[in-house]
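What follows is the content of data-v3.cif (mmCIF, C-alpha atoms).
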```cif
data_structure
#
loop_
_atom_site.label_atom_id
_atom_site.label_comp_id
_atom_site.auth_asym_id
_atom_site.auth_seq_id
_atom_site.Cartn_x
_atom_site.Cartn_y
_atom_site.Cartn_z
CA MET A 1445 -103.46 56.28 31.68
CA PRO A 1446 -101.51 59.14 30.05
CA ILE A 1447 -97.73 58.83 30.23
CA THR A 1448 -97.53 62.27 31.85
CA SER A 1449 -99.50 61.24 34.95
CA ARG A 1450 -98.03 57.74 35.38
CA TYR A 1451 -94.51 59.13 35.26
CA ALA A 1452 -95.23 62.59 36.71
CA ARG A 1453 -92.84 62.01 39.62
CA ASN A 1454 -90.06 60.84 37.26
CA PHE A 1455 -89.92 64.32 35.71
CA GLU A 1456 -87.59 66.34 35.77
CA SER A 1457 -85.04 63.78 36.89
CA ILE A 1458 -85.95 61.98 33.68
CA SER A 1459 -87.09 64.10 30.73
CA LEU A 1460 -90.10 63.20 28.60
CA GLU A 1461 -87.77 62.29 25.76
CA GLU A 1462 -85.78 60.01 28.09
CA GLN A 1463 -88.99 58.48 29.41
CA GLU A 1464 -89.96 57.62 25.85
CA ARG A 1465 -86.53 56.12 25.30
CA LEU A 1466 -87.05 53.89 28.35
CA ALA A 1467 -90.43 52.84 26.97
CA GLY A 1468 -88.67 51.70 23.81
CA ALA A 1469 -85.95 49.83 25.73
CA ARG A 1470 -85.65 46.11 26.35
CA VAL A 1471 -83.87 44.64 29.37
CA CYS A 1472 -83.28 40.99 30.29
CA VAL A 1473 -83.20 40.15 34.03
CA VAL A 1474 -81.51 36.82 34.76
CA GLY A 1475 -82.40 35.44 38.17
CA LEU A 1476 -85.62 36.47 39.91
CA GLY A 1477 -84.64 36.06 43.55
CA GLY A 1478 -83.38 38.60 46.08
CA LEU A 1479 -81.73 40.88 43.53
CA GLY A 1480 -83.96 40.11 40.55
CA GLY A 1481 -87.21 40.71 42.41
CA GLY A 1482 -86.10 44.22 43.34
CA VAL A 1483 -84.72 44.98 39.87
CA VAL A 1484 -87.95 43.83 38.17
CA GLU A 1485 -90.05 45.95 40.54
CA MET A 1486 -87.98 49.08 39.86
CA LEU A 1487 -87.58 48.68 36.10
CA ALA A 1488 -91.34 48.11 35.73
CA ARG A 1489 -92.12 51.21 37.79
CA ILE A 1490 -89.63 53.45 36.02
CA GLY A 1491 -91.11 52.37 32.68
CA VAL A 1492 -88.66 50.11 30.80
CA GLY A 1493 -90.87 49.02 27.91
CA THR A 1494 -89.97 45.34 27.52
CA LEU A 1495 -88.66 42.98 30.20
CA ASP A 1496 -87.32 39.49 29.48
CA LEU A 1497 -87.49 37.71 32.84
CA VAL A 1498 -85.61 34.46 33.39
CA ASP A 1499 -85.58 31.93 36.23
CA GLY A 1500 -86.24 28.19 36.23
CA ASP A 1501 -86.88 28.04 39.98
CA CYS A 1502 -90.08 28.02 42.06
CA PHE A 1503 -90.48 29.97 45.29
CA ASP A 1504 -89.79 28.18 48.57
CA GLU A 1505 -89.86 29.17 52.24
CA THR A 1506 -86.18 30.13 52.35
CA ASN A 1507 -86.91 32.93 49.83
CA LEU A 1508 -89.43 34.74 52.05
CA ASN A 1509 -86.81 36.56 54.14
CA ARG A 1510 -85.66 38.73 51.24
CA GLN A 1511 -87.16 38.02 47.83
CA LEU A 1512 -89.64 40.75 46.99
CA LEU A 1513 -91.62 38.57 44.61
CA SER A 1514 -92.09 35.75 47.12
CA THR A 1515 -95.24 35.45 49.21
CA GLU A 1516 -96.69 32.63 51.28
CA LYS A 1517 -99.45 32.07 48.75
CA ASP A 1518 -96.96 31.64 45.91
CA LEU A 1519 -94.74 28.97 47.48
CA GLY A 1520 -94.15 26.33 44.80
CA VAL A 1521 -95.10 28.70 41.98
CA PRO A 1522 -92.50 29.44 39.23
CA LYS A 1523 -90.66 32.69 39.88
CA ALA A 1524 -90.99 33.73 36.23
CA GLN A 1525 -94.78 33.43 36.41
CA VAL A 1526 -95.01 35.49 39.61
CA ALA A 1527 -92.69 38.11 38.12
CA ARG A 1528 -94.88 38.41 35.04
CA GLU A 1529 -97.98 38.89 37.20
CA ARG A 1530 -96.24 41.46 39.40
CA VAL A 1531 -95.11 43.57 36.42
CA SER A 1532 -98.58 43.40 34.90
CA ALA A 1533 -100.10 44.58 38.21
CA ILE A 1534 -97.64 47.50 38.48
CA ASN A 1535 -97.45 48.69 34.88
CA SER A 1536 -99.60 47.14 32.17
CA THR A 1537 -97.76 49.14 29.49
CA VAL A 1538 -94.66 46.97 30.03
CA LYS A 1539 -94.38 43.95 27.75
CA VAL A 1540 -93.10 40.90 29.62
CA ASN A 1541 -91.50 37.78 28.20
CA ALA A 1542 -91.28 35.35 31.13
CA PHE A 1543 -89.02 32.30 30.82
CA ASP A 1544 -89.53 29.52 33.38
CA ALA A 1545 -86.10 28.13 32.50
CA PHE A 1546 -82.44 28.44 33.38
CA LEU A 1547 -80.39 30.41 30.89
CA GLY A 1548 -77.82 28.34 29.02
CA ARG A 1549 -75.99 28.23 25.71
CA ASP A 1550 -78.91 26.37 24.11
CA ASN A 1551 -81.60 28.99 24.84
CA ALA A 1552 -79.57 32.22 25.18
CA ARG A 1553 -80.44 33.53 21.74
CA GLU A 1554 -84.16 33.16 22.26
CA ILE A 1555 -84.09 34.59 25.79
CA MET A 1556 -81.65 37.50 25.66
CA GLY A 1557 -81.02 38.03 21.95
CA GLU A 1558 -83.02 41.25 21.70
CA ALA A 1559 -82.04 42.90 24.99
CA GLN A 1560 -80.13 46.19 25.17
CA VAL A 1561 -78.95 45.45 28.71
CA VAL A 1562 -78.73 42.20 30.68
CA VAL A 1563 -78.96 42.27 34.47
CA ASP A 1564 -77.05 39.63 36.41
CA CYS A 1565 -79.10 38.70 39.47
CA LEU A 1566 -77.73 35.17 39.76
CA ASP A 1567 -76.62 33.47 42.95
CA SER A 1568 -73.61 31.46 41.80
CA ILE A 1569 -70.23 32.64 40.60
CA SER A 1570 -69.79 29.97 37.92
CA HIS A 1571 -73.13 30.89 36.35
CA ARG A 1572 -72.10 34.54 36.35
CA PHE A 1573 -69.08 33.67 34.17
CA LEU A 1574 -71.40 31.84 31.75
CA LEU A 1575 -73.76 34.83 31.66
CA GLN A 1576 -70.87 37.19 30.91
CA ASP A 1577 -69.82 34.94 27.99
CA LEU A 1578 -73.36 34.90 26.62
CA ALA A 1579 -73.86 38.66 26.97
CA GLN A 1580 -70.46 39.55 25.52
CA ALA A 1581 -70.99 37.21 22.56
CA ARG A 1582 -74.08 39.28 21.74
CA ASN A 1583 -72.49 42.69 22.43
CA ILE A 1584 -74.87 43.38 25.31
CA PRO A 1585 -73.73 45.31 28.42
CA LEU A 1586 -74.14 43.38 31.67
CA VAL A 1587 -75.06 45.01 34.99
CA SER A 1588 -74.00 42.68 37.79
CA GLY A 1589 -74.82 42.64 41.49
CA ALA A 1590 -73.87 40.23 44.27
CA ILE A 1591 -74.53 40.04 48.00
CA ALA A 1592 -73.35 38.19 51.11
CA GLY A 1593 -74.55 39.04 54.59
CA THR A 1594 -74.39 42.82 55.00
CA ALA A 1595 -72.03 43.26 52.04
CA GLY A 1596 -72.78 43.89 48.41
CA GLN A 1597 -71.07 44.76 45.16
CA VAL A 1598 -72.07 46.11 41.75
CA THR A 1599 -70.24 46.45 38.45
CA VAL A 1600 -71.05 46.98 34.76
CA ILE A 1601 -69.34 44.81 32.14
CA PHE A 1602 -69.20 45.84 28.48
CA PRO A 1603 -68.50 43.46 25.59
CA ASP A 1604 -64.72 43.97 25.47
CA ASP A 1605 -64.11 44.06 29.23
CA LEU A 1606 -62.37 41.40 31.33
CA GLY A 1607 -65.25 41.67 33.79
CA PHE A 1608 -65.59 38.85 36.31
CA GLN A 1609 -62.03 37.67 35.78
CA LEU A 1610 -60.91 40.87 37.52
CA ILE A 1611 -63.28 40.22 40.41
CA TYR A 1612 -63.24 36.45 40.90
CA GLY A 1613 -60.03 35.38 39.12
CA ASN A 1614 -59.94 32.22 37.03
CA PRO A 1615 -63.40 30.79 36.21
CA ASP A 1616 -62.13 27.25 36.97
CA ASP A 1617 -61.35 28.29 40.57
CA ASN A 1618 -64.95 29.40 41.13
CA GLN A 1619 -67.06 26.27 41.02
CA GLY A 1620 -68.39 26.65 44.56
CA SER A 1621 -70.32 29.41 46.31
CA GLY A 1622 -68.89 32.66 47.56
CA ILE A 1623 -68.82 33.87 51.15
CA GLU A 1624 -72.66 34.08 51.12
CA ALA A 1625 -72.67 30.34 51.88
CA GLN A 1626 -71.45 31.35 55.38
CA LEU A 1627 -73.07 34.77 55.75
CA GLY A 1628 -76.50 34.25 54.20
CA ASN A 1629 -78.49 36.94 52.38
CA LEU A 1630 -80.51 39.76 53.94
CA ALA A 1631 -83.51 41.65 52.57
CA HIS A 1632 -82.18 45.16 53.10
CA CYS A 1633 -78.84 44.32 51.50
CA ALA A 1634 -80.47 42.55 48.53
CA LEU A 1635 -82.78 45.47 47.84
CA LEU A 1636 -80.01 48.05 48.22
CA VAL A 1637 -77.89 46.24 45.65
CA ALA A 1638 -80.96 45.79 43.41
CA SER A 1639 -81.45 49.57 43.57
CA LEU A 1640 -77.85 50.20 42.58
CA GLN A 1641 -78.22 47.75 39.68
CA SER A 1642 -81.45 49.39 38.51
CA SER A 1643 -79.74 52.77 38.61
CA GLU A 1644 -76.90 51.48 36.44
CA VAL A 1645 -79.39 49.95 33.97
CA VAL A 1646 -81.19 53.28 33.59
CA LYS A 1647 -77.90 55.15 33.14
CA VAL A 1648 -76.68 52.70 30.49
CA LEU A 1649 -80.02 52.95 28.64
CA LEU A 1650 -80.05 56.74 28.77
CA GLY A 1651 -76.31 57.17 28.25
CA ARG A 1652 -75.77 59.52 31.12
CA GLY A 1653 -74.11 59.66 34.50
CA GLU A 1654 -71.03 57.76 35.67
CA ILE A 1655 -71.26 54.06 34.95
CA LEU A 1656 -69.43 51.46 37.06
CA ARG A 1657 -67.46 50.15 34.09
CA ASN A 1658 -64.13 48.58 35.10
CA ARG A 1659 -65.01 49.66 38.61
CA LEU A 1660 -66.60 47.81 41.49
CA LEU A 1661 -68.84 49.49 44.02
CA ILE A 1662 -68.40 47.66 47.31
CA CYS A 1663 -70.63 48.39 50.28
CA ASP A 1664 -70.97 47.05 53.80
CA LEU A 1665 -74.06 48.01 55.74
CA LEU A 1666 -72.53 47.01 59.06
CA THR A 1667 -69.98 49.81 58.82
CA ASN A 1668 -71.97 52.04 56.39
CA SER A 1669 -69.02 51.98 54.03
CA PHE A 1670 -69.48 52.58 50.31
CA GLU A 1671 -66.46 52.63 48.05
CA VAL A 1672 -65.91 52.53 44.31
CA MET A 1673 -62.77 50.54 43.53
CA GLN A 1674 -60.81 50.73 40.29
CA LEU A 1675 -60.52 47.28 38.66
CA VAL A 1676 -58.08 48.26 35.90
CA MET B 1384 -49.78 48.78 61.37
CA THR B 1385 -46.02 48.69 61.01
CA LEU B 1386 -44.46 46.12 58.70
CA PRO B 1387 -40.91 45.32 57.59
CA GLN B 1388 -39.64 46.83 54.31
CA GLY B 1389 -40.55 44.64 51.34
CA THR B 1390 -43.68 43.10 52.86
CA CYS B 1391 -46.09 42.04 50.13
CA VAL B 1392 -49.84 41.45 50.38
CA MET B 1393 -49.26 37.67 50.43
CA ASP B 1394 -47.12 38.08 53.58
CA LEU B 1395 -49.98 40.01 55.17
CA VAL B 1396 -52.50 37.31 54.22
CA THR B 1397 -50.24 34.67 55.77
CA GLN B 1398 -49.69 36.78 58.90
CA PHE B 1399 -53.46 37.14 59.42
CA GLY B 1400 -53.96 33.41 58.79
CA ILE B 1401 -56.41 34.06 55.94
CA PRO B 1402 -56.80 31.01 53.65
CA GLU B 1403 -55.48 32.02 50.22
CA ALA B 1404 -58.61 30.62 48.53
CA ASP B 1405 -60.71 33.17 50.45
CA VAL B 1406 -58.74 36.08 49.01
CA LYS B 1407 -60.31 37.13 45.72
CA LEU B 1408 -59.81 40.84 45.54
CA ILE B 1409 -57.04 43.06 46.80
CA PHE B 1410 -57.31 46.81 46.66
CA ILE B 1411 -54.47 49.15 47.50
CA ASN B 1412 -55.65 52.75 47.88
CA GLY B 1413 -58.81 51.86 45.94
CA LYS B 1414 -57.09 50.19 42.99
CA ARG B 1415 -56.98 46.44 42.26
CA GLU B 1416 -53.58 44.84 42.84
CA LEU B 1417 -52.15 41.31 43.11
CA LEU B 1418 -50.89 39.26 46.08
CA SER B 1419 -47.33 40.04 45.01
CA TYR B 1420 -47.81 43.82 45.46
CA VAL B 1421 -45.08 45.21 47.75
CA LEU B 1422 -46.56 47.56 50.33
CA LYS B 1423 -45.44 51.16 50.63
CA ASP B 1424 -45.77 53.66 53.46
CA ASN B 1425 -49.37 54.71 54.18
CA ASP B 1426 -50.92 52.22 51.75
CA ARG B 1427 -54.55 51.44 52.53
CA VAL B 1428 -55.12 47.71 52.03
CA GLY B 1429 -58.46 46.00 51.35
CA ILE B 1430 -58.67 42.19 51.16
CA PHE B 1431 -62.02 40.81 50.00
CA PRO B 1432 -63.53 37.31 49.75
CA PRO B 1433 -65.67 36.16 46.79
CA VAL B 1434 -69.22 37.54 47.00
CA GLY B 1435 -71.70 35.73 44.77
CA GLY B 1436 -75.12 35.63 46.40
CA GLY B 1437 -78.33 36.93 44.93
#
```
Represent the structure contained in this file as structure tokens.
Amino acid sequence: MPITSRYARNFESISLEEQERLAGARVCVVGLGGLGGGVVEMLARIGVGTLDLVDGDCFDETNLNRQLLSTEKDLGVPKAQVARERVSAINSTVKVNAFDAFLGRDNAREIMGEAQVVVDCLDSISHRFLLQDLAQARNIPLVSGAIAGTAGQVTVIFPDDLGFQLIYGNPDDNQGSGIEAQLGNLAHCALLVASLQSSEVVKVLLGRGEILRNRLLICDLLTNSFEVMQLV
Amino acid sequence: MTLPQGTCVMDLVTQFGIPEADVKLIFINGKRELLSYVLKDNDRVGIFPPVGGG
């Protein structure tokens, strides 16, 4: 399939030169649940050339309400495997490295060492701090999203930034869950935040637009409020 | 709402009965501030809990 027809509707929002740059880009998505499923879908469609997809979990029934990659037939199947199959079905020009594993200090180099951007689609605050450490140690920008009920937030953390410390405070005070433990997670909110994350990834890769660096976009769908807050 | 001179965000949190552990982010007029921030006339205050789901 020629690049010009596959991506015909991307042009002129994305130029041919930018489309080629995306094809040469490599992005690591950590967490393939509510946020990650949406991010993988969008990055594959827009044409990011290589995706490193990471999650050690398998799908279960509680995922079906919101996780785009989950289907009844894939309950019990590793999320990384389903993600690989989904990307291949959408866009066979995308190279996928699927890791059926949880990211940690021991495997970080192998999993995210080559990425230009890492996307935080995790569901625990303590793991987000670990991911920031791992990304910053490798000089990789991190695009982070989080949800709870009808609320969501997105930020972009560069290697020298304080990042999550500005949002969650001291890492040692964040061993439990956030407010999502009480509010749950909804499909429309997860996919909205996944869209915002995908947009930030594309902007970081292409070096254009306003990036949410040292800023936090906070939204609440119950009140239709969207605000960008200054973190420093 | 009307508050006495010198009221800080912590006073507001106490007044609303919000557990301090639930307060992760404070924004005054769209900029991050601390619990000790002393409120001024017409300040717009946002108090947010930790959001970590995915």
Please identify all residues of chain A having at least one atom at most 6 Å from any atom of chain B, considering all atoms listed in the file, and return them as a PDB file with C-alpha atoms, keeping the file's coordinate frame.
```pdb
ATOM      1  CA  GLY A1478     -83.380  38.600  46.080  1.00  0.00           C
ATOM      2  CA  LEU A1479     -81.730  40.880  43.530  1.00  0.00           C
ATOM      3  CA  CYS A1565     -79.100  38.700  39.470  1.00  0.00           C
ATOM      4  CA  LEU A1566     -77.730  35.170  39.760  1.00  0.00           C
ATOM      5  CA  ASP A1567     -76.620  33.470  42.950  1.00  0.00           C
ATOM      6  CA  SER A1568     -73.610  31.460  41.800  1.00  0.00           C
ATOM      7  CA  ILE A1569     -70.230  32.640  40.600  1.00  0.00           C
ATOM      8  CA  ALA A1590     -73.870  40.230  44.270  1.00  0.00           C
ATOM      9  CA  ILE A1591     -74.530  40.040  48.000  1.00  0.00           C
ATOM     10  CA  ALA A1592     -73.350  38.190  51.110  1.00  0.00           C
ATOM     11  CA  TYR A1612     -63.240  36.450  40.900  1.00  0.00           C
ATOM     12  CA  GLY A1622     -68.890  32.660  47.560  1.00  0.00           C
ATOM     13  CA  ILE A1623     -68.820  33.870  51.150  1.00  0.00           C
ATOM     14  CA  GLU A1624     -72.660  34.080  51.120  1.00  0.00           C
ATOM     15  CA  MET A1673     -62.770  50.540  43.530  1.00  0.00           C
ATOM     16  CA  GLN A1674     -60.810  50.730  40.290  1.00  0.00           C
ATOM     17  CA  LEU A1675     -60.520  47.280  38.660  1.00  0.00           C
TER      18      LEU A1675
END
```
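You will find atom CA of Phe1543 of chain A at 16.4 Å from atom CA of Leu1578 of chain A.
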Neighbours of point (-76.5, 50.1, 42.4) within 12 Å, using only C-alpha atoms, written as a ChimeraX atom specification: /A:1479,1482-1483,1486,1563,1587-1591,1596-1600,1633-1647,1654-1656,1660-1663,1670-1672
The PyMOL selection byres ((chain B and resi 1418) around 8) resolved against shown file, as an NGL selection string: :B and (1391-1393 or 1409 or 1416-1417 or 1419-1420)
Distance query Val1474 of chain A at most 9 Å, all atoms listed in the file, self and fewer than 5 positions along chain excluded, as a ChimeraX atom specification: /A:1480,1496-1499,1546-1547,1562-1566,1575
Convert the current residue selection to file output with C-alpha atoms, as a CSV table (one decimal), keeping the file's coordinate frame.
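As a result, result30.csv now contains:
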```
chain,number,residue,atom,x,y,z
A,1480,GLY,CA,-84.0,40.1,40.6
A,1496,ASP,CA,-87.3,39.5,29.5
A,1497,LEU,CA,-87.5,37.7,32.8
A,1498,VAL,CA,-85.6,34.5,33.4
A,1499,ASP,CA,-85.6,31.9,36.2
A,1546,PHE,CA,-82.4,28.4,33.4
A,1547,LEU,CA,-80.4,30.4,30.9
A,1562,VAL,CA,-78.7,42.2,30.7
A,1563,VAL,CA,-79.0,42.3,34.5
A,1564,ASP,CA,-77.0,39.6,36.4
A,1565,CYS,CA,-79.1,38.7,39.5
A,1566,LEU,CA,-77.7,35.2,39.8
A,1575,LEU,CA,-73.8,34.8,31.7
```
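For the atom pair formed by atom CA of Val1421 of chain B and atom CA of Thr1390 of chain B, the distance is 5.7 Å, given to one decimal.
The spacing separating atom CA of Asp1617 of chain A from atom CA of Gln1576 of chain A amounts to 16.2 Å.
Residues matched by the PyMOL selection byres ((chain A and resi 1615) around 10) in this structure: A:Ile1569, A:Ser1570, A:His1571, A:Arg1572, A:Phe1573, A:Leu1574, A:Phe1608, A:Gln1609, A:Tyr1612, A:Gly1613, A:Asn1614, A:Asp1616, A:Asp1617, A:Asn1618, A:Gln1619.
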Expected residue set, 10 Å radius at (-91.0, 60.4, 34.9), only C-alpha atoms, as a list in words: Ile1447, Thr1448, Ser1449, Arg1450, Tyr1451, Ala1452, Arg1453, Asn1454, Phe1455, Glu1456, Ser1457, Ile1458, Ser1459, Leu1460, Glu1461, Glu1462, Gln1463, Glu1464, Arg1489, Ile1490 and Gly1491 of chain A
Close residues, Pro1387 of chain B itself excluded, 12 Å, all atoms listed in the file, min 4 positions apart in chain, as a list in words: Cys1391, Asp1394, Leu1395, Val1421, Leu1422, Lys1423 and Asp1424 of chain B
Atoms kept (C-alpha atoms) for selection, written as a PDB file, in the coordinates of the input:
```
ATOM      1  CA  CYS B1391     -46.090  42.040  50.130  1.00  0.00           C
ATOM      2  CA  ASP B1394     -47.120  38.080  53.580  1.00  0.00           C
ATOM      3  CA  LEU B1395     -49.980  40.010  55.170  1.00  0.00           C
ATOM      4  CA  VAL B1421     -45.080  45.210  47.750  1.00  0.00           C
ATOM      5  CA  LEU B1422     -46.560  47.560  50.330  1.00  0.00           C
ATOM      6  CA  LYS B1423     -45.440  51.160  50.630  1.00  0.00           C
ATOM      7  CA  ASP B1424     -45.770  53.660  53.460  1.00  0.00           C
TER       8      ASP B1424
END
```
Result set, the PyMOL selection byres ((chain A and resi 1511-1516) around 12) on current file, as a ChimeraX atom specification: /A:1475-1486,1501-1510,1517-1531,1565,1629-1635,1638 /B:1437
Kindly list the centre and edge lengths in Å, rounded to one decimal, for the axis-aligned box that covers all listed atoms of segment 1462-1476 of chain A plus 6 Å on each of its six sides, as lines of an AutoDock Vina configuration file.
```
center_x = -86.0
center_y = 47.7
center_z = 31.9
size_x = 20.9
size_y = 36.6
size_z = 28.1
```
Selection near Leu1649 of chain A, 8 Å with all atoms listed in the file, sequence-local residues under 3 positions removed, as JSON, numbers by chain: {"A": [1465, 1466, 1469, 1560, 1561, 1645, 1646]}
Test item: residues at most 10 Å from Thr1537 of chain A, only C-alpha atoms, excluding those fewer than 3 positions along its chain, as a ChimeraX atom specification: /A:1445,1447,1467,1488,1491-1494,1531-1532,1534,1540
